[in-house]
$ cat query.csv   # CSV, C-alpha atoms and all ligand atoms
chain,number,residue,atom,x,y,z
A,1,MET,CA,0.0,0.0,0.0
A,2,SER,CA,1.3,3.5,-0.8
A,3,ARG,CA,2.3,5.8,2.0
A,4,ARG,CA,-0.5,8.2,0.9
A,5,LEU,CA,-3.2,5.6,0.9
A,6,SER,CA,-2.1,4.3,4.3
A,7,ALA,CA,-2.0,7.8,5.8
A,8,LEU,CA,-5.5,8.3,4.6
A,9,ALA,CA,-6.7,4.9,5.8
A,10,GLU,CA,-5.4,5.6,9.3
A,11,ARG,CA,-7.9,8.5,9.5
A,12,LEU,CA,-10.9,6.4,8.4
A,13,ASP,CA,-13.5,4.7,10.6
A,14,ALA,CA,-15.7,3.9,7.6
A,15,PRO,CA,-15.1,3.6,3.8
A,16,LEU,CA,-14.5,7.0,2.1
A,17,LEU,CA,-15.6,7.6,-1.5
A,18,VAL,CA,-13.0,10.0,-3.0
A,19,THR,CA,-14.6,12.0,-5.8
A,20,ASN,CA,-12.2,15.0,-6.0
A,21,LEU,CA,-10.2,14.1,-9.1
A,22,THR,CA,-7.1,15.8,-7.8
A,23,ASN,CA,-7.4,13.7,-4.6
A,24,VAL,CA,-7.8,10.6,-6.7
A,25,PHE,CA,-4.6,11.6,-8.6
A,26,TYR,CA,-2.8,12.3,-5.4
A,27,LEU,CA,-3.6,9.0,-3.9
A,28,THR,CA,-3.1,6.8,-7.0
A,29,GLY,CA,-1.3,8.7,-9.7
A,30,PHE,CA,-4.4,8.1,-11.9
A,31,GLU,CA,-5.5,11.0,-14.0
A,32,SER,CA,-9.0,11.2,-15.6
A,33,SER,CA,-12.1,13.3,-16.0
A,34,ASN,CA,-14.4,10.6,-14.6
A,35,ALA,CA,-13.4,8.4,-11.6
A,36,ALA,CA,-14.0,7.7,-8.0
A,37,LEU,CA,-11.9,5.9,-5.4
A,38,LEU,CA,-13.3,3.9,-2.6
A,39,VAL,CA,-10.8,3.6,0.3
A,40,ASP,CA,-11.5,1.2,3.1
A,41,PRO,CA,-10.2,1.7,6.7
A,42,ASP,CA,-7.8,-1.3,6.1
A,43,GLY,CA,-6.3,0.6,3.1
A,44,THR,CA,-8.0,-1.5,0.3
A,45,ALA,CA,-8.8,0.8,-2.6
A,46,THR,CA,-11.2,0.3,-5.4
A,47,LEU,CA,-10.9,2.6,-8.5
A,48,TYR,CA,-14.1,3.2,-10.6
A,49,THR,CA,-13.8,4.7,-14.0
A,50,ASP,CA,-15.4,4.5,-17.4
A,51,PHE,CA,-14.4,2.7,-20.7
A,52,ARG,CA,-12.2,5.7,-21.9
A,53,TYR,CA,-9.8,5.3,-19.0
A,54,ILE,CA,-10.0,1.7,-18.1
A,55,GLU,CA,-6.8,0.6,-19.8
A,56,SER,CA,-4.7,3.3,-18.0
A,57,ALA,CA,-6.5,2.4,-14.7
A,58,ARG,CA,-5.2,-1.2,-15.0
A,59,ASP,CA,-1.7,0.2,-14.8
A,60,VAL,CA,-2.3,1.8,-11.4
A,61,PRO,CA,-0.5,-0.3,-8.7
A,62,GLY,CA,-2.2,-1.2,-5.4
A,63,VAL,CA,-5.9,-0.6,-6.5
A,64,GLN,CA,-8.7,-2.9,-7.6
A,65,VAL,CA,-10.2,-1.6,-10.8
A,66,GLN,CA,-13.9,-1.7,-11.4
A,67,PRO,CA,-15.2,-0.6,-14.9
A,68,ALA,CA,-18.2,1.7,-14.5
A,69,LYS,CA,-20.8,3.4,-16.7
A,70,ARG,CA,-20.2,7.0,-18.0
A,71,GLY,CA,-22.9,8.1,-15.5
A,72,LEU,CA,-20.5,7.1,-12.7
A,73,MET,CA,-22.2,8.2,-9.5
A,74,GLN,CA,-25.4,6.4,-10.3
A,75,ASP,CA,-23.6,3.2,-11.1
A,76,VAL,CA,-21.2,3.3,-8.1
A,77,GLY,CA,-24.1,4.2,-5.8
A,78,GLU,CA,-25.9,1.0,-6.8
A,79,ARG,CA,-22.8,-1.0,-5.8
A,80,LEU,CA,-22.2,0.6,-2.4
A,81,GLN,CA,-23.6,-0.8,0.9
A,82,GLY,CA,-23.9,0.3,4.5
A,83,SER,CA,-22.2,3.6,5.7
A,84,VAL,CA,-20.1,5.3,3.1
A,85,GLN,CA,-18.3,8.7,3.8
A,86,PHE,CA,-18.1,11.2,1.0
A,87,GLU,CA,-16.2,14.5,0.3
A,88,ALA,CA,-19.0,16.9,1.1
A,89,ASP,CA,-17.2,20.0,0.0
A,90,VAL,CA,-16.7,18.9,-3.6
A,91,LEU,CA,-19.6,16.5,-4.5
A,92,PRO,CA,-22.3,18.5,-6.4
A,93,TYR,CA,-25.8,18.1,-5.1
A,94,GLY,CA,-27.0,16.4,-8.3
A,95,GLU,CA,-24.2,13.8,-8.1
A,96,TRP,CA,-25.0,13.3,-4.4
A,97,GLU,CA,-28.6,12.5,-5.3
A,98,ARG,CA,-27.5,10.0,-7.9
A,99,LEU,CA,-25.1,8.3,-5.5
A,100,LYS,CA,-27.7,8.2,-2.8
A,101,ALA,CA,-30.3,6.6,-5.1
A,102,GLY,CA,-28.4,3.2,-4.6
A,103,GLY,CA,-29.5,3.1,-1.0
A,104,ALA,CA,-26.1,3.4,0.9
A,105,LYS,CA,-26.0,5.6,4.0
A,106,LEU,CA,-23.9,8.6,2.9
A,107,VAL,CA,-21.9,10.4,5.7
A,108,PRO,CA,-20.4,13.8,4.9
A,109,THR,CA,-16.7,14.4,5.7
A,110,HIS,CA,-14.5,17.5,5.3
A,111,GLY,CA,-10.9,17.7,4.2
A,112,LEU,CA,-9.8,14.2,5.0
A,113,VAL,CA,-7.6,13.7,1.9
A,114,ASP,CA,-6.7,17.4,1.9
A,115,GLU,CA,-5.1,17.2,5.3
A,116,VAL,CA,-2.8,14.4,4.1
A,117,ARG,CA,-2.2,16.2,0.9
A,118,ALA,CA,-1.2,19.4,2.7
A,119,VAL,CA,2.0,17.8,4.0
A,120,LYS,CA,4.5,17.3,1.2
A,121,ASP,CA,7.1,14.6,0.9
A,122,ASP,CA,10.6,15.3,-0.4
A,123,GLU,CA,9.7,14.5,-4.0
A,124,GLU,CA,6.8,16.9,-4.0
A,125,ILE,CA,9.0,19.6,-2.3
A,126,ALA,CA,11.6,19.1,-5.1
A,127,LYS,CA,8.9,19.7,-7.7
A,128,LEU,CA,7.5,22.8,-5.9
A,129,ARG,CA,11.1,24.2,-5.7
A,130,ARG,CA,11.6,23.7,-9.4
A,131,SER,CA,8.3,25.3,-10.2
A,132,ALA,CA,9.2,28.4,-8.0
A,133,THR,CA,12.7,28.7,-9.5
A,134,ILE,CA,11.4,28.6,-13.1
A,135,ALA,CA,8.8,31.3,-12.2
A,136,ASP,CA,11.6,33.5,-10.6
A,137,ARG,CA,13.7,33.2,-13.8
A,138,GLY,CA,10.8,34.1,-16.1
A,139,LEU,CA,10.0,37.3,-14.1
A,140,GLU,CA,13.7,38.2,-13.9
A,141,ALA,CA,13.8,38.2,-17.7
A,142,LEU,CA,10.7,40.4,-17.8
A,143,THR,CA,12.3,43.0,-15.5
A,144,ALA,CA,15.1,43.4,-18.1
A,145,GLU,CA,12.6,44.7,-20.6
A,146,THR,CA,10.8,48.1,-20.7
A,147,TRP,CA,7.5,48.3,-18.8
A,148,ILE,CA,6.5,51.9,-18.9
A,149,GLY,CA,4.3,52.5,-22.0
A,150,ARG,CA,3.2,48.9,-22.4
A,151,SER,CA,-0.2,47.7,-21.3
A,152,GLU,CA,-0.8,45.4,-18.4
A,153,ARG,CA,-2.1,42.8,-20.8
A,154,GLU,CA,0.9,43.0,-23.0
A,155,LEU,CA,3.2,42.5,-20.0
A,156,ALA,CA,1.1,39.5,-18.8
A,157,TRP,CA,1.3,37.9,-22.2
A,158,ARG,CA,5.0,38.5,-22.5
A,159,LEU,CA,5.5,37.0,-19.0
A,160,ARG,CA,3.7,34.0,-20.2
A,161,GLU,CA,6.1,33.5,-23.1
A,162,LEU,CA,9.1,34.0,-20.9
A,163,LEU,CA,7.8,31.5,-18.3
A,164,HIS,CA,7.3,28.8,-21.0
A,165,ALA,CA,10.8,29.6,-22.4
A,166,HIS,CA,12.2,28.9,-18.9
A,167,GLY,CA,10.5,25.5,-18.6
A,168,ALA,CA,7.0,26.0,-17.3
A,169,ASP,CA,4.5,23.3,-18.4
A,170,GLU,CA,1.7,25.8,-18.0
A,171,LEU,CA,0.7,28.7,-15.8
A,172,SER,CA,-0.7,27.8,-12.4
A,173,PHE,CA,-3.2,30.7,-12.8
A,174,ASP,CA,-3.6,33.7,-15.0
A,175,SER,CA,-0.9,36.2,-14.1
A,176,ILE,CA,-2.0,39.4,-12.5
A,177,VAL,CA,-0.3,42.6,-13.7
A,178,ALA,CA,-1.9,45.6,-11.9
A,179,SER,CA,-0.5,49.1,-12.2
A,180,GLY,CA,-1.4,52.4,-10.6
A,181,GLU,CA,-4.9,52.4,-9.1
A,182,ASN,CA,-5.6,48.9,-10.5
A,183,GLY,CA,-3.1,47.7,-7.9
A,184,ALA,CA,-5.8,48.4,-5.2
A,185,LYS,CA,-7.8,45.4,-6.5
A,186,PRO,CA,-6.1,42.3,-5.0
A,187,HIS,CA,-7.1,40.0,-7.8
A,188,GLY,CA,-7.7,42.4,-10.7
A,189,HIS,CA,-7.2,41.0,-14.3
A,190,PRO,CA,-4.7,42.7,-16.5
A,191,THR,CA,-6.3,45.5,-18.5
A,192,ASP,CA,-5.4,47.6,-21.5
A,193,LYS,CA,-4.2,50.3,-19.1
A,194,ILE,CA,-0.8,51.5,-20.0
A,195,VAL,CA,1.9,51.3,-17.2
A,196,GLU,CA,2.7,54.9,-16.2
A,197,ARG,CA,5.7,56.5,-14.6
A,198,GLY,CA,5.8,57.1,-10.8
A,199,THR,CA,3.6,54.3,-9.5
A,200,LEU,CA,3.6,50.7,-8.3
A,201,VAL,CA,3.0,47.6,-10.5
A,202,THR,CA,2.0,44.4,-8.8
A,203,VAL,CA,2.8,41.1,-10.5
A,204,ASP,CA,1.3,37.9,-9.1
A,205,TRP,CA,2.3,34.9,-11.1
A,206,GLY,CA,3.0,31.2,-10.9
A,207,VAL,CA,3.7,28.1,-13.1
A,208,ARG,CA,3.0,24.4,-13.0
A,209,VAL,CA,5.9,22.0,-13.3
A,210,ASP,CA,5.3,18.2,-13.1
A,211,GLY,CA,1.8,18.9,-11.7
A,212,TYR,CA,3.0,21.2,-8.9
A,213,CYS,CA,2.1,24.9,-8.7
A,214,SER,CA,4.1,27.9,-7.7
A,215,ASP,CA,2.7,31.2,-6.5
A,216,CYS,CA,4.7,34.5,-6.0
A,217,THR,CA,4.0,38.2,-6.0
A,218,ARG,CA,6.4,41.1,-6.3
A,219,THR,CA,5.5,44.8,-6.6
A,220,PHE,CA,7.8,47.2,-8.6
A,221,SER,CA,8.1,50.9,-8.9
A,222,THR,CA,8.2,52.9,-12.1
A,223,GLY,CA,10.0,55.9,-10.6
A,224,ARG,CA,9.5,58.3,-7.7
A,225,LEU,CA,6.4,57.3,-5.8
A,226,PRO,CA,3.8,59.4,-3.9
A,227,ASP,CA,4.7,59.3,-0.2
A,228,ARG,CA,1.7,57.2,0.8
A,229,LEU,CA,2.6,54.4,-1.7
A,230,ARG,CA,6.2,54.4,-0.6
A,231,GLU,CA,5.1,54.1,3.0
A,232,ALA,CA,2.7,51.3,2.1
A,233,TYR,CA,5.5,49.3,0.4
A,234,ASP,CA,7.9,49.6,3.4
A,235,VAL,CA,5.2,48.6,5.9
A,236,CYS,CA,4.1,45.6,3.7
A,237,LEU,CA,7.7,44.5,3.3
A,238,GLU,CA,8.5,44.7,7.0
A,239,ALA,CA,5.3,42.7,7.8
A,240,GLN,CA,6.1,40.1,5.2
A,241,GLN,CA,9.6,39.6,6.5
A,242,ARG,CA,8.3,39.4,10.1
A,243,ALA,CA,6.0,36.6,9.1
A,244,CYS,CA,8.7,34.8,7.1
A,245,ALA,CA,11.1,35.0,10.1
A,246,ASN,CA,8.6,33.7,12.7
A,247,ILE,CA,6.2,31.2,11.0
A,248,LYS,CA,6.9,27.6,12.0
A,249,ALA,CA,5.1,24.4,12.7
A,250,GLY,CA,2.7,24.4,15.6
A,251,LEU,CA,1.4,28.0,15.1
A,252,THR,CA,-2.2,28.3,14.2
A,253,GLY,CA,-3.3,29.8,10.9
A,254,VAL,CA,-4.6,32.7,13.0
A,255,GLU,CA,-1.3,33.3,14.8
A,256,ALA,CA,0.6,33.1,11.5
A,257,ASP,CA,-1.7,35.7,10.0
A,258,ALA,CA,-1.3,38.0,13.0
A,259,LEU,CA,2.5,38.1,12.5
A,260,ALA,CA,2.0,40.3,9.4
A,261,ARG,CA,-1.4,41.8,10.2
A,262,ASP,CA,-0.4,43.4,13.6
A,263,PRO,CA,2.4,45.6,12.2
A,264,ILE,CA,0.2,46.6,9.2
A,265,THR,CA,-2.6,47.5,11.6
A,266,ASP,CA,-0.2,49.4,13.9
A,267,ALA,CA,0.9,51.5,10.9
A,268,GLY,CA,-2.7,52.5,10.2
A,269,PHE,CA,-3.2,50.3,7.2
A,270,GLY,CA,-5.3,47.6,8.9
A,271,GLU,CA,-8.4,48.4,6.9
A,272,ASN,CA,-6.4,48.1,3.7
A,273,PHE,CA,-5.3,44.4,4.2
A,274,GLY,CA,-8.6,42.7,3.7
A,275,HIS,CA,-7.6,39.2,2.8
A,276,GLY,CA,-5.8,36.3,4.6
A,277,LEU,CA,-2.0,36.0,4.9
A,278,GLY,CA,-1.7,32.9,2.9
A,279,HIS,CA,-2.9,29.5,1.6
A,280,GLY,CA,-1.5,26.0,0.9
A,281,VAL,CA,-0.1,25.3,-2.5
A,282,GLY,CA,0.6,21.9,-4.2
A,283,LEU,CA,-1.3,20.1,-7.0
A,284,ALA,CA,-3.8,22.9,-6.7
A,285,ILE,CA,-3.0,26.6,-6.4
A,286,HIS,CA,-5.3,27.0,-3.4
A,287,GLU,CA,-5.4,24.1,-0.9
A,288,ALA,CA,-5.0,23.4,2.8
A,289,PRO,CA,-4.0,25.0,5.1
A,290,ARG,CA,-5.3,28.5,5.4
A,291,LEU,CA,-3.4,31.4,7.1
A,292,SER,CA,-6.1,33.9,8.0
A,293,THR,CA,-8.2,35.4,10.8
A,294,GLU,CA,-10.8,32.8,10.0
A,295,SER,CA,-8.5,29.8,9.8
A,296,THR,CA,-9.1,26.6,11.9
A,297,ASP,CA,-5.8,25.0,10.9
A,298,THR,CA,-2.6,24.5,12.8
A,299,LEU,CA,0.6,24.4,10.8
A,300,VAL,CA,2.5,21.1,10.4
A,301,ALA,CA,6.1,20.6,9.2
A,302,GLY,CA,6.1,19.8,5.5
A,303,GLN,CA,3.2,22.0,4.5
A,304,CYS,CA,3.7,24.4,1.6
A,305,VAL,CA,2.2,27.8,2.1
A,306,THR,CA,2.2,31.3,0.7
A,307,ILE,CA,3.0,34.4,2.9
A,308,GLU,CA,1.4,37.3,1.1
A,309,PRO,CA,0.4,40.4,3.0
A,310,GLY,CA,-0.9,43.3,0.9
A,311,ILE,CA,-2.0,47.0,1.4
A,312,TYR,CA,-4.6,48.3,-1.0
A,313,LEU,CA,-5.3,52.1,-1.3
A,314,PRO,CA,-8.5,52.7,-3.4
A,315,GLY,CA,-7.9,55.2,-6.1
A,316,VAL,CA,-4.1,55.3,-5.5
A,317,GLY,CA,-2.5,51.9,-5.8
A,318,GLY,CA,-1.5,48.8,-4.0
A,319,VAL,CA,1.3,46.5,-2.9
A,320,ARG,CA,1.5,42.8,-2.2
A,321,ILE,CA,4.6,40.7,-1.5
A,322,GLU,CA,4.3,37.0,-1.6
A,323,ASP,CA,6.7,34.1,-1.0
A,324,LEU,CA,6.1,30.4,-1.3
A,325,ALA,CA,7.5,28.5,1.8
A,326,ILE,CA,7.8,25.1,3.3
A,327,VAL,CA,6.9,25.0,7.0
A,328,ARG,CA,9.6,23.4,9.1
A,329,ASP,CA,9.8,22.7,12.9
A,330,ASP,CA,12.0,25.7,13.5
A,331,GLY,CA,10.9,28.1,10.8
A,332,VAL,CA,10.2,28.3,7.1
A,333,GLU,CA,12.3,27.5,4.0
A,334,LEU,CA,11.5,29.9,1.2
A,335,LEU,CA,11.2,28.4,-2.2
A,336,THR,CA,10.9,31.8,-4.0
A,337,SER,CA,14.1,33.8,-4.1
A,338,PHE,CA,13.3,36.9,-6.2
A,339,PRO,CA,14.5,40.1,-4.3
A,340,LYS,CA,12.0,41.9,-2.2
A,341,GLU,CA,13.5,45.4,-1.8
A,342,LEU,CA,11.7,47.9,-4.0
A,343,ILE,CA,13.0,47.5,-7.5
A,344,GLU,CA,12.5,50.2,-10.1
A,345,VAL,CA,11.6,49.1,-13.7
A,346,SER,CA,11.8,51.5,-16.6
A,401,ZN,ZN,-0.2,34.8,-5.8
A,402,ZN,ZN,-1.3,33.2,-3.3
$ encode --input "query.csv" --output "structure tokens" --more "lines below"
Ligand code: ZN
Ligand code: ZN
Amino acid sequence: MSRRLSALAERLDAPLLVTNLTNVFYLTGFESSNAALLVDPDGTATLYTDFRYIESARDVPGVQVQPAKRGLMQDVGERLQGSVQFEADVLPYGEWERLKAGGAKLVPTHGLVDEVRAVKDDEEIAKLRRSATIADRGLEALTAETWIGRSERELAWRLRELLHAHGADELSFDSIVASGENGAKPHGHPTDKIVERGTLVTVDWGVRVDGYCSDCTRTFSTGRLPDRLREAYDVCLEAQQRACANIKAGLTGVEADALARDPITDAGFGENFGHGLGHGVGLAIHEAPRLSTESTDTLVAGQCVTIEPGIYLPGVGGVRIEDLAIVRDDGVELLTSFPKELIEVS
């Protein structure tokens, strides 16, 4: 039995039907658009998939393969008996109805596989590190070019080319390039706005390599800044560095968030930092754990998280600085290494 399946089985007191396809991939290495994996508390795993994927399913070690109809949930539901747990956060209501029609007693669960998945092994960390390094190099190449006078969209598209040239399989999400007052929208899409002199430009970008995502943000200046933006940058950077220096295993997501939030609030920008400090990253760009005022997580060594405070000044501009880090017992190991002091692009 694989380490991942046994780690999951240890947490089970009844069979779990895994329907999140990323979780199925994580547990078995099997990739498809239509599958479910039934994991028993003793670690026995049954993989259901339809005709299109059945041959590749037979190559998956350590699972019993059961061919199923294209309407998978109905078919699997008819074969289940007794109490079966399911992933309540990802199973659509219609699929739940079809599964339930078979008569099994469905018991909702939350985040069982996600908790296991949050802690990365050495092989996963190596892939995350490679992903972060390729992303760093792509952005470095972009900073050697002219930004002022080009549109946000053009820069985002050029960054995409450079990331592919440096070895990215794909982007882990659409890059954000937000200049001037657009920087005040944390997740604004690049627009036709031309990058102007004397403001901040936020770039939030990441790539996927061997399935694993990276996520990083840097904010650049295009010349002499208004005092308020310069102050926001310095406060954000200090808060980000404070969080990087103090986050470690055993802290709660709320405590980690406060490491950056407290100095931002003390500097008078509390209202301008409206999102959480960070999130887990792995096969998905957003996964467990969460670092925020609402988090219920406690950090565990081996988790991969972002550390990304931001300060957003409506009508003026914004700054966000984000690193990707592995949580260790005595601190964090940063995977992103792009410089964080304010860099001026031309
Ligand atoms: Zn990001
Ligand atoms: Zn992020």
$ closest_residue --input "query.csv" --among "A:Met1, A:Ala288, A:Leu21, A:Cys304" --to "Ala45 of chain A" --atoms "all atoms listed in the file"
A:Met1
$ atom_distance --input "query.csv" --atom1 "atom CA of Ser214 of chain A" --atom2 "atom CA of Glu170 of chain A"
10.8 Å
$ residues_near_ligand --input "query.csv" --ligand "ligand ZN 402 (chain A)" --cutoff "7 Å" --atoms "all atoms listed in the file" --output "list in words"
Asp215, Cys216, Gly278, His279, Thr306, Glu308 and Glu322 of chain A
$ residues_around --input "query.csv" --residues "Val327 of chain A" --least-positions-apart "5" --cutoff "9 Å" --atoms "all atoms listed in the file" --output "PyMOL selection string"
chain A and resi 247-249+299-305+332-334
$ residues_around --input "query.csv" --residues "Asp174 of chain A" --least-positions-apart "5" --cutoff "12 Å" --atoms "only C-alpha atoms" --output "PyMOL selection string"
chain A and resi 153+156-157+159-160+187-190+203-208+215+285
$ residues_around --input "query.csv" --residues "Thr199 of chain A" --least-positions-apart "2" --cutoff "9 Å" --atoms "all atoms listed in the file" --output "list in words"
Ser179, Gly180, Glu181, Val195, Glu196, Arg197, Val201, Phe220, Ser221, Thr222, Gly223, Arg224, Leu225, Pro226, Leu229, Val316 and Gly317 of chain A
$ atom_distance --input "query.csv" --atom1 "atom CA of Tyr26 of chain A" --atom2 "atom CA of Thr44 of chain A"
15.8 Å
$ atom_distance --input "query.csv" --atom1 "atom CA of Thr49 of chain A" --atom2 "atom CA of Arg117 of chain A"
22.1 Å
$ closest_residue --input "query.csv" --among "A:Leu163, A:Glu123, A:Ala118, A:Val209" --to "Asp136 of chain A" --atoms "all atoms listed in the file"
A:Leu163
$ residues_around --input "query.csv" --residues "Gly318 of chain A" --least-positions-apart "3" --cutoff "10 Å" --atoms "only C-alpha atoms" --output "list in words"
Ala178, Ser179, Gly180, Glu181, Asn182, Gly183, Ala184, Lys185, Pro186, Thr199, Leu200, Val201, Thr202, Thr219, Leu229, Ala232, Tyr233, Asn272, Gly310, Ile311, Tyr312, Leu313, Pro314 and Gly315 of chain A
$ closest_residue --input "query.csv" --among "A:Leu91, A:Ile307, A:Leu139, A:Leu291" --to "ligand ZN 401 (chain A)" --atoms "all atoms listed in the file"
A:Ile307
$ closest_residue --input "query.csv" --among "A:Gly276, A:Pro339, A:Gly250, A:Gly149" --to "Leu237 of chain A" --atoms "only C-alpha atoms"
A:Pro339
$ closest_residue --input "query.csv" --among "A:Asp257, A:Glu152, A:Asp323, A:Glu161" --to "ligand ZN 401 (chain A)" --atoms "all atoms listed in the file"
A:Asp323
$ closest_residue --input "query.csv" --among "A:His164, A:Val177, A:Asp50, A:Val235" --to "Trp147 of chain A" --atoms "all atoms listed in the file"
A:Val177
$ residues_near_point --input "query.csv" --point "(-4.8, 10.8, 1.5)" --cutoff "12 Å" --atoms "only C-alpha atoms" --output "PyMOL selection string"
chain A and resi 1-12+16-18+20+22-29+37-41+43+45+111-120
